[in-house]
file model_12.txt (compact mmCIF, C-alpha atoms)
# COMPACT_ATOMS: atom_id res chain seq x y z
CA MET A 280 296.17 172.11 257.34
CA GLN A 281 292.48 171.51 257.81
CA TYR A 282 290.90 168.28 258.98
CA LYS A 283 288.58 166.70 256.43
CA ASP A 284 285.56 164.73 257.57
CA TYR A 285 285.31 162.09 254.86
CA TYR A 286 282.19 160.57 256.40
CA LYS A 287 280.42 163.90 256.37
CA ILE A 288 281.47 164.59 252.78
CA MET A 289 279.85 161.30 251.76
CA GLY A 290 276.86 161.77 254.08
CA LEU A 291 277.64 158.54 255.94
CA SER A 292 277.78 157.50 259.57
CA ARG A 293 281.09 156.24 260.88
CA ASP A 294 279.86 152.63 260.99
CA ALA A 295 278.77 152.57 257.33
CA ASN A 296 279.51 149.25 255.63
CA LYS A 297 281.25 148.69 252.31
CA ASP A 298 278.04 148.55 250.29
CA GLU A 299 276.70 151.74 251.82
CA ILE A 300 279.96 153.51 251.01
CA LYS A 301 279.84 152.37 247.40
CA ARG A 302 276.18 153.34 247.05
CA ALA A 303 276.79 156.77 248.55
CA TYR A 304 279.74 157.33 246.22
CA ARG A 305 277.82 156.33 243.11
CA LYS A 306 274.89 158.52 244.06
CA LEU A 307 276.97 161.60 244.82
CA ALA A 308 279.28 160.99 241.86
CA ARG A 309 276.28 161.14 239.53
CA LYS A 310 275.13 164.32 241.23
CA TYR A 311 278.47 166.13 241.07
CA HIS A 312 280.19 164.64 238.02
CA PRO A 313 281.48 167.72 236.17
CA ASP A 314 280.37 166.35 232.79
CA VAL A 315 276.80 165.87 233.95
CA SER A 316 276.24 168.28 236.81
CA LYS A 317 275.37 171.94 236.59
CA GLU A 318 275.63 172.34 240.37
CA LYS A 319 277.79 175.19 241.53
CA ASP A 320 281.30 174.04 242.48
CA ALA A 321 280.53 170.61 241.00
CA GLU A 322 284.17 170.06 240.11
CA ALA A 323 285.49 170.91 243.58
CA LYS A 324 282.81 168.78 245.23
CA PHE A 325 283.54 165.88 242.89
CA LYS A 326 287.23 166.00 243.72
CA GLU A 327 286.51 166.08 247.43
CA LEU A 328 284.17 163.14 247.00
CA GLY A 329 286.80 161.16 245.05
CA GLU A 330 289.27 161.75 247.83
CA ALA A 331 286.81 160.68 250.54
CA TYR A 332 285.93 157.54 248.58
CA GLU A 333 289.59 156.76 248.00
CA VAL A 334 290.08 156.54 251.76
CA LEU A 335 286.80 154.97 252.89
CA LYS A 336 286.62 152.22 250.26
CA ASP A 337 290.08 150.97 251.17
CA PRO A 338 289.89 149.04 254.49
CA GLU A 339 293.52 149.87 255.34
CA LYS A 340 293.23 153.59 254.72
CA ARG A 341 289.85 153.71 256.41
CA ALA A 342 291.14 151.97 259.52
CA ALA A 343 294.06 154.40 259.67
CA TYR A 344 291.74 157.37 259.19
CA ASP A 345 289.34 156.08 261.89
CA GLN A 346 292.33 155.82 264.21
CA LEU A 347 292.46 159.63 264.25
CA GLY A 348 289.26 159.53 266.26
CA ALA A 349 285.81 160.97 265.80
CA HIS A 350 286.27 164.16 267.77
CA TRP A 351 287.71 166.18 264.88
CA LYS A 352 285.51 168.75 263.15
CA ALA A 353 285.72 169.46 259.44
CA GLY A 354 287.89 172.50 258.76
CA GLN A 355 289.57 172.31 262.18
CA ASP A 356 293.31 172.91 262.15
CA PHE A 357 294.90 169.49 262.02
CA ARG A 358 298.31 168.00 262.86
CA PRO A 359 298.62 164.23 262.67
CA PRO A 360 299.59 162.75 266.04
CA PRO A 361 303.12 161.32 266.14
CA ASN A 362 303.37 157.75 264.87
CA TRP A 363 299.68 157.85 264.12
CA ASN A 364 299.97 155.35 261.29
CA GLU A 365 302.29 152.94 263.06
CA GLY A 366 301.42 149.40 262.20
CA PHE A 367 299.53 150.29 259.07
CA GLU A 368 300.91 149.27 255.77
CA PHE A 369 299.64 150.98 252.68
CA LYS A 370 299.91 149.30 249.36
CA GLY A 371 301.21 152.24 247.42
CA GLY A 372 299.35 153.62 244.45
CA GLY A 373 296.17 151.90 243.48
CA PHE A 374 294.38 155.13 242.71
CA THR A 375 291.40 154.64 240.53
CA SER A 376 289.82 158.03 240.72
CA GLY A 377 291.82 160.14 238.40
CA ASP A 378 294.64 162.52 239.15
CA SER A 379 295.99 162.06 242.60
CA GLY A 380 297.62 165.43 242.09
CA ALA A 381 294.19 166.84 242.88
CA PHE A 382 294.01 165.42 246.39
CA SER A 383 294.20 167.74 249.38
CA ASP A 384 297.15 168.47 251.63
CA PHE A 385 295.25 166.66 254.37
CA PHE A 386 295.18 163.49 252.29
CA GLU A 387 298.82 163.76 251.33
CA GLN A 388 299.90 164.32 254.90
CA LEU A 389 298.17 161.09 255.93
CA PHE A 390 298.76 158.81 253.01
CA GLY A 391 301.61 160.39 251.11
CA ARG A 392 301.68 161.37 247.51
CA ALA A 393 300.51 158.80 245.05
CA GLY A 394 302.17 157.65 241.88
CA PHE A 395 301.51 159.94 239.02
CA SER A 396 300.91 157.86 235.96
CA ALA A 397 302.09 160.23 233.26
CA ALA A 398 305.30 161.11 235.00
CA GLU A 399 305.91 157.58 236.25
CA ARG A 400 306.16 156.40 232.73
CA GLY A 401 308.99 158.81 232.17
CA GLN A 402 311.08 157.11 234.81
CA TYR A 403 311.57 153.96 232.81
CA GLY A 404 314.48 153.79 230.46
CA PHE A 405 312.55 153.64 227.23
CA HIS A 406 311.59 156.30 224.74
CA ALA A 407 307.93 157.12 224.65
CA ARG A 408 305.88 159.87 223.18
CA GLY A 409 304.56 162.33 225.75
CA GLN A 410 300.89 162.49 226.61
CA ASP A 411 298.56 164.83 224.79
CA SER A 412 297.15 167.58 226.99
CA HIS A 413 293.77 169.27 226.86
CA ALA A 414 292.53 172.68 227.88
CA LYS A 415 289.44 174.78 227.29
CA ILE A 416 290.04 178.41 226.43
CA TYR A 417 287.56 181.29 226.42
CA ILE A 418 287.79 183.88 223.66
CA ASP A 419 285.69 186.88 222.69
CA LEU A 420 283.27 186.61 219.82
CA GLU A 421 285.16 189.39 218.05
CA ASP A 422 288.31 187.20 218.05
CA SER A 423 286.56 184.76 215.76
CA PHE A 424 285.23 187.54 213.53
CA HIS A 425 288.56 189.17 212.95
CA GLY A 426 291.11 186.52 213.91
CA ALA A 427 293.40 187.38 216.83
CA THR A 428 296.47 186.51 218.84
CA ARG A 429 295.68 185.68 222.44
CA ASN A 430 297.89 184.94 225.40
CA ILE A 431 296.66 181.98 227.43
CA SER A 432 297.89 180.62 230.77
CA LEU A 433 297.95 176.91 231.42
CA SER A 434 298.65 175.03 234.63
CA THR A 435 299.90 171.48 234.41
CA PRO A 436 300.65 169.14 237.31
CA GLU A 437 304.13 167.71 236.80
CA MET A 438 306.38 165.33 238.67
CA THR A 439 309.66 166.78 239.85
CA ALA A 440 312.91 164.80 240.02
CA GLN A 441 312.21 164.35 243.75
CA GLY A 442 308.92 162.67 242.94
CA GLN A 443 306.72 165.52 244.09
CA VAL A 444 303.73 166.77 242.19
CA GLN A 445 304.08 170.40 241.31
CA VAL A 446 301.72 172.62 239.38
CA LYS A 447 303.65 174.29 236.62
CA HIS A 448 302.33 177.48 235.05
CA ARG A 449 303.17 178.58 231.57
CA SER A 450 301.76 181.00 229.09
CA LEU A 451 301.50 180.72 225.34
CA ASN A 452 300.64 183.12 222.57
CA ILE A 453 298.05 181.48 220.36
CA LYS A 454 296.79 182.47 216.96
CA ILE A 455 293.00 182.36 216.91
CA PRO A 456 291.96 181.60 213.34
CA LYS A 457 289.12 183.61 211.84
CA GLY A 458 285.75 181.86 211.84
CA ILE A 459 286.45 179.38 214.66
CA LYS A 460 283.34 178.36 216.58
CA ALA A 461 282.65 177.14 220.11
CA GLY A 462 283.42 173.44 220.54
CA GLN A 463 286.07 173.39 217.83
CA HIS A 464 289.62 172.38 218.70
CA ILE A 465 292.99 173.83 217.84
CA ARG A 466 295.83 171.32 217.93
CA LEU A 467 299.30 172.56 218.79
CA ALA A 468 301.82 169.89 217.83
CA GLY A 469 304.51 169.22 220.42
CA GLN A 470 302.98 171.44 223.16
CA GLY A 471 301.67 168.55 225.30
CA SER A 472 303.60 166.64 227.95
CA PRO A 473 307.28 166.04 227.22
CA GLY A 474 308.19 162.57 225.99
CA ALA A 475 310.39 160.08 227.80
CA GLY A 476 313.95 159.63 226.63
CA SER A 477 314.18 160.90 223.10
CA GLY A 478 310.44 160.45 222.56
CA GLN A 479 308.47 163.30 221.03
CA SER A 480 306.34 165.62 223.13
CA GLY A 481 302.60 165.12 222.99
CA ASP A 482 300.17 167.58 221.42
CA LEU A 483 298.07 170.24 223.11
CA PHE A 484 294.37 170.33 222.25
CA LEU A 485 292.58 173.61 222.94
CA GLU A 486 288.80 173.54 222.96
CA ILE A 487 287.28 176.90 222.08
CA ALA A 488 284.47 178.50 224.07
CA PHE A 489 283.10 182.04 223.83
CA ASN A 490 282.88 184.52 226.69
CA ASN A 491 279.38 185.83 227.24
CA HIS A 492 278.87 188.92 225.11
CA PRO A 493 276.90 191.94 226.33
CA LEU A 494 275.05 192.24 223.00
CA TYR A 495 275.25 189.03 221.01
CA ARG A 496 274.36 185.39 221.55
CA VAL A 497 275.95 182.67 219.44
CA LEU A 498 274.44 179.38 218.35
CA GLU A 499 276.85 177.32 216.26
CA THR A 500 277.78 179.81 213.52
CA ASP A 501 274.68 182.01 213.85
CA VAL A 502 274.75 185.21 215.88
CA TYR A 503 271.65 186.71 217.54
CA LEU A 504 270.97 190.28 218.64
CA ASP A 505 267.96 191.56 220.58
CA LEU A 506 267.00 194.86 218.96
CA PRO A 507 264.72 197.22 220.87
CA VAL A 508 262.26 199.02 218.55
CA ALA A 509 259.56 201.61 219.17
CA PRO A 510 255.95 200.44 218.63
CA TRP A 511 255.58 202.75 215.61
CA GLU A 512 258.80 201.41 214.06
CA ALA A 513 257.44 197.88 214.29
CA VAL A 514 253.98 198.81 213.03
CA LEU A 515 254.78 201.36 210.34
CA GLY A 516 258.13 199.96 209.28
CA ALA A 517 261.43 201.83 209.61
CA LYS A 518 265.06 201.97 208.67
CA VAL A 519 267.32 201.68 211.74
CA LYS A 520 271.01 201.37 212.53
CA VAL A 521 272.02 198.00 213.96
CA PRO A 522 275.37 197.00 215.50
CA THR A 523 276.99 193.80 214.22
CA PRO A 524 280.43 192.41 215.12
CA GLU A 525 281.63 193.70 211.76
CA GLY A 526 280.28 197.22 212.21
CA ILE A 527 277.04 199.13 212.02
CA VAL A 528 274.58 198.25 209.27
CA ASP A 529 271.30 199.77 208.08
CA LEU A 530 268.34 197.47 208.59
CA LYS A 531 264.89 197.83 207.12
CA ILE A 532 262.14 196.80 209.51
CA PRO A 533 259.10 195.73 207.53
CA ALA A 534 255.71 197.20 208.43
CA ASN A 535 253.52 195.13 210.77
CA SER A 536 256.46 193.41 212.47
CA ARG A 537 255.64 191.73 215.75
CA GLN A 538 257.36 191.27 219.08
CA GLY A 539 260.00 188.53 218.69
CA SER A 540 260.06 188.71 214.85
CA LYS A 541 263.39 187.50 213.50
CA LEU A 542 265.10 189.31 210.65
CA ARG A 543 267.98 187.49 208.97
CA LEU A 544 271.13 189.02 207.53
CA THR A 545 272.47 186.14 205.46
CA GLY A 546 276.16 185.38 205.77
CA ARG A 547 276.80 187.92 208.51
CA GLY A 548 277.27 185.34 211.29
CA LEU A 549 280.63 183.73 212.13
CA PRO A 550 282.93 183.75 209.09
CA ALA A 551 283.35 179.94 209.20
CA ARG A 552 283.96 177.69 206.18
CA VAL A 553 280.21 177.93 205.68
CA PRO A 554 279.47 181.40 207.09
CA GLY A 555 276.65 181.68 209.60
CA ASP A 556 273.78 184.18 209.59
CA PHE A 557 273.07 187.20 211.75
CA TYR A 558 269.61 187.33 213.32
CA VAL A 559 267.95 190.45 214.67
CA VAL A 560 265.20 189.65 217.16
CA LEU A 561 262.77 192.55 217.56
CA GLN A 562 261.90 193.60 221.11
CA ILE A 563 259.15 196.18 221.21
CA ALA A 564 259.93 198.84 223.81
CA LEU A 565 257.12 200.87 225.34
CA PRO A 566 257.61 204.64 225.55
CA PRO A 567 257.09 205.73 229.18
CA ALA A 568 254.08 207.96 229.92
CA ASP A 569 256.04 210.28 232.15
CA THR A 570 254.81 213.60 230.74
CA GLU A 571 251.32 215.04 230.31
CA LYS A 572 251.81 214.96 226.56
CA ALA A 573 252.76 211.27 226.49
CA LYS A 574 249.86 210.42 228.77
CA ALA A 575 247.49 212.29 226.47
CA ILE A 576 248.69 210.26 223.49
CA TYR A 577 248.09 206.97 225.33
CA GLN A 578 244.66 208.19 226.37
CA LYS A 579 243.88 209.06 222.79
CA MET A 580 244.90 205.59 221.64
CA GLN A 581 242.74 204.07 224.36
CA GLN A 582 239.71 206.07 223.19
CA GLU A 583 240.20 205.77 219.46
CA LEU A 584 241.65 202.30 218.89
CA ALA A 585 239.40 199.30 219.30
CA PHE A 586 242.27 197.14 220.51
CA ASN A 587 241.77 194.07 222.65
CA PRO A 588 245.08 192.28 223.30
CA ARG A 589 243.21 189.43 225.01
CA GLN A 590 240.94 188.59 222.11
CA ALA A 591 242.56 185.19 221.59
CA LEU A 592 241.79 184.32 225.21
CA GLY A 593 238.08 184.71 224.58
CA VAL A 594 237.83 187.66 227.00
CA TYR A 595 235.96 190.70 225.77
CA GLN A 596 235.91 194.18 227.10
CA GLN A 597 232.65 195.67 228.37
CA MET B 260 310.45 182.44 229.97
CA ASN B 261 312.78 184.48 227.79
CA SER B 262 311.88 187.37 225.53
CA ARG B 263 311.75 185.12 222.50
CA ASP B 264 308.87 183.18 224.06
CA LEU B 265 306.99 186.41 224.60
CA LEU B 266 307.08 187.13 220.91
CA LEU B 267 306.51 183.60 219.69
CA VAL B 268 302.99 183.00 218.42
CA HIS B 269 301.87 179.40 218.09
CA ILE B 270 299.79 178.65 215.05
CA GLY B 271 297.82 175.46 215.54
CA THR B 272 295.70 173.37 213.23
CA VAL B 273 291.95 173.65 213.52
CA ILE B 274 290.39 170.22 213.80
CA GLU B 275 287.66 170.13 211.19
CA GLU B 276 284.96 167.51 210.76
CA ASP B 277 287.30 164.82 209.48
CA SER B 278 290.81 165.44 210.61
CA LEU B 279 291.72 162.96 213.37
CA THR B 280 292.99 159.47 212.56
CA LEU B 281 292.31 156.52 214.89
CA GLY B 282 295.88 156.75 216.16
CA GLN B 283 295.61 160.47 216.89
CA LEU B 284 292.30 160.02 218.72
CA CYS B 285 293.79 157.17 220.82
CA ARG B 286 296.74 159.34 221.77
CA ALA B 287 294.55 162.35 222.51
CA CYS B 288 292.46 160.24 224.93
CA ASP B 289 295.40 158.13 226.15
CA VAL B 290 293.55 154.86 225.47
CA HIS B 291 294.05 151.74 223.36
CA ALA B 292 292.56 151.50 219.89
CA ASP B 293 290.34 148.62 221.10
CA TRP B 294 288.46 150.99 223.37
CA ILE B 295 287.89 153.55 220.60
CA ILE B 296 286.73 150.75 218.29
CA SER B 297 284.21 149.62 220.93
CA LEU B 298 282.87 153.21 221.07
CA VAL B 299 282.41 153.14 217.28
CA GLU B 300 280.70 149.74 217.48
CA GLU B 301 278.31 151.07 220.11
CA GLY B 302 277.58 154.09 217.87
CA ILE B 303 278.92 156.52 220.49
CA ILE B 304 281.23 158.16 217.96
CA GLU B 305 280.95 157.93 214.21
CA PRO B 306 284.00 158.22 211.99
CA GLN B 307 283.92 159.07 208.33
CA GLY B 308 285.40 156.45 206.02
CA GLU B 309 284.48 152.79 205.57
CA ASP B 310 287.73 151.03 206.30
CA ILE B 311 289.26 151.31 209.77
CA ARG B 312 292.52 152.53 208.18
CA LEU B 313 290.62 155.39 206.54
CA TRP B 314 288.63 156.38 209.62
CA ARG B 315 288.63 160.10 210.34
CA PHE B 316 287.13 161.58 213.50
CA SER B 317 285.80 165.07 214.24
CA GLY B 318 286.56 167.36 217.17
CA ALA B 319 283.09 166.50 218.51
CA SER B 320 284.14 162.82 218.60
CA LEU B 321 287.13 163.83 220.69
CA VAL B 322 284.86 165.60 223.18
CA ARG B 323 282.47 162.63 223.32
CA ALA B 324 285.26 160.08 223.72
CA ARG B 325 286.83 162.03 226.59
CA ILE B 326 283.50 162.42 228.40
CA ALA B 327 282.85 158.69 227.84
CA LEU B 328 286.22 157.88 229.38
CA ARG B 329 285.55 159.99 232.46
CA ILE B 330 282.01 158.68 232.95
CA GLN B 331 283.18 155.07 232.60
CA ARG B 332 286.03 155.59 235.05
CA ASP B 333 284.18 157.68 237.64
CA LEU B 334 280.67 156.28 237.56
CA GLY B 335 281.22 152.71 236.37
CA VAL B 336 278.69 153.09 233.54
CA ASN B 337 278.80 150.53 230.70
CA LEU B 338 278.97 151.48 227.02
CA ALA B 339 275.21 151.39 226.44
CA GLY B 340 274.75 153.62 229.49
CA ILE B 341 277.45 155.99 228.25
CA ALA B 342 275.72 156.28 224.87
CA LEU B 343 272.49 157.19 226.64
CA VAL B 344 274.18 159.71 228.96
CA LEU B 345 275.96 161.41 226.04
CA ASP B 346 272.76 161.68 224.01
CA LEU B 347 270.94 163.17 227.00
CA ILE B 348 273.77 165.62 227.67
CA GLU B 349 273.61 166.73 224.04
CA GLU B 350 269.85 167.10 224.15
CA LEU B 351 270.15 169.16 227.34
CA GLU B 352 272.81 171.38 225.78
CA GLY B 353 270.64 171.82 222.71
CA LEU B 354 267.75 172.95 224.92
CA ARG B 355 270.00 175.30 226.87
CA ALA B 356 271.30 176.80 223.62
CA HIS B 357 267.74 177.20 222.37
CA MET B 358 266.77 178.98 225.58
CA LYS B 359 269.74 181.25 225.06
CA THR B 360 268.49 182.32 221.62
CA LEU B 361 265.17 183.16 223.24
CA GLY B 362 266.97 185.36 225.72
CA HIS B 363 266.43 183.23 228.84
CA VAL B 364 269.98 182.82 230.06
call {"tool": "encode", "arguments": {"input": "model_12.txt", "output": "structure tokens"}}
result
Amino acid sequence: MQYKDYYKIMGLSRDANKDEIKRAYRKLARKYHPDVSKEKDAEAKFKELGEAYEVLKDPEKRAAYDQLGAHWKAGQDFRPPPNWNEGFEFKGGGFTSGDSGAFSDFFEQLFGRAGFSAAERGQYGFHARGQDSHAKIYIDLEDSFHGATRNISLSTPEMTAQGQVQVKHRSLNIKIPKGIKAGQHIRLAGQGSPGAGSGQSGDLFLEIAFNNHPLYRVLETDVYLDLPVAPWEAVLGAKVKVPTPEGIVDLKIPANSRQGSKLRLTGRGLPARVPGDFYVVLQIALPPADTEKAKAIYQKMQQELAFNPRQALGVYQQ
Amino acid sequence: MNSRDLLLVHIGTVIEEDSLTLGQLCRACDVHADWIISLVEEGIIEPQGEDIRLWRFSGASLVRARIALRIQRDLGVNLAGIALVLDLIEELEGLRAHMKTLGHV
């Protein structure tokens, strides 16, 4: 088990007062809150912060933690000294910062496991409906185009009969309906937490997100593809083959197309209730001048075309 | 897990624009109806239907309500602050999505 330096996590000195602790927590919580932050490891950092705050804001826990002494280094292998918490009385529970199941072994060794609200409820003698659970699942774009059956794994913290929090893993086969888009939910009745007594189980809500695709980008129900074209295809017009999630189609590129021009294939986006569109974004690719012949063609263009790409900048060639 | 579970395929319901009742949204967020009603009053989520008994919420409302709950609990932000945070998050996500269509990932 590794020692955790709660003061270091919160960027505080060991004599920080209550207000400083609260200020530091608020500041770091805004920085690392998983809903707001795009920092790497935001979720892990936020959990660590919640744990540190849980100890330092509570005078009893803080005093007990300080008792361990200041000579420990973060990450150092840690065994609590015998009777280290003698004379300290912890008012059990009182966790404000979310799932105590997420706290570290270090925390649990010092302060024990906290009450687990969802499971606690189940210990009373009444019948209650189980809690709804939530999970985000990542599917491939093709799954939405064709519909699919996917196996997903879920981990749920649960309270055992001995009152210990255990992470339970289970896997489910899920039908992915055709046309589903990112941000939409699938509700599976009765797949949430079990109810208490003869109460019904809760529901499971799955939020859909798409894996990054090597070719396509998705915005709502519209699908985008970058299509490389040769300069002469863009300028003279051409008929080219284009991949779409539903197979290859022939696309006519109009003459005088420009870099970044968007061509729309109506109704070929996600097959939602209102189907989206498929957009082809033209990317003009330059042929390399790696042979004498290619070089000669570029030189000929240079000599024979009066082309100034910087005209709009007001810069003229000599 | 037995072999029956391996073969069993769960078919869920897709939550469309107007499929969650007030009761279902409360259960999904594990909160009292009063709190959801205060979100509606603040304009943080907008149900379809005039009468509270006819209110229907979208999947997007579920996402917003759950973020609101976490922000309130973790950061101590009041409802007006939550509304502002959610709008800014959505604007940011819109900009990120727009950048994605331009190919800047």
call {"tool": "residues_near_point", "arguments": {"input": "model_12.txt", "point": "(300.7, 169.9, 220.3)", "cutoff": "8 Å", "atoms": "only C-alpha atoms", "output": "MDAnalysis selection string"}}
result
(chainID A and resid 411:412 466:471 480:484) or (chainID B and resid 271)
call {"tool": "interface_residues", "arguments": {"input": "model_12.txt", "of": "chain A", "to": "chain B", "cutoff": "7 Å", "atoms": "all atoms listed in the file", "output": "list in words"}}
result
Arg305, Ala308, Arg309, Asp314, Val315, Ser376, Asp411, Asn452, Ile453, Lys454, Gln463, His464, Ile465, Arg466, Leu467, Arg496, Leu498 and Tyr503 of chain A
call {"tool": "atom_distance", "arguments": {"input": "model_12.txt", "atom1": "atom CA of A:Ile455", "atom2": "atom CA of A:Ala427"}}
result
5.0 Å
call {"tool": "residues_around", "arguments": {"input": "model_12.txt", "residues": "B:Asp310", "least_positions_apart": "5", "cutoff": "12 Å", "atoms": "only C-alpha atoms", "output": "list of chain:residue names"}}
result
B:Thr280, B:Leu281, B:Arg315
call {"tool": "closest_residue", "arguments": {"input": "model_12.txt", "among": "B:Leu354, B:Leu343, B:Leu279, B:Leu338", "to": "B:Pro306", "atoms": "only C-alpha atoms"}}
result
B:Leu279
call {"tool": "atom_distance", "arguments": {"input": "model_12.txt", "atom1": "atom CA of A:Val446", "atom2": "atom CA of A:Leu389"}}
result
20.5 Å
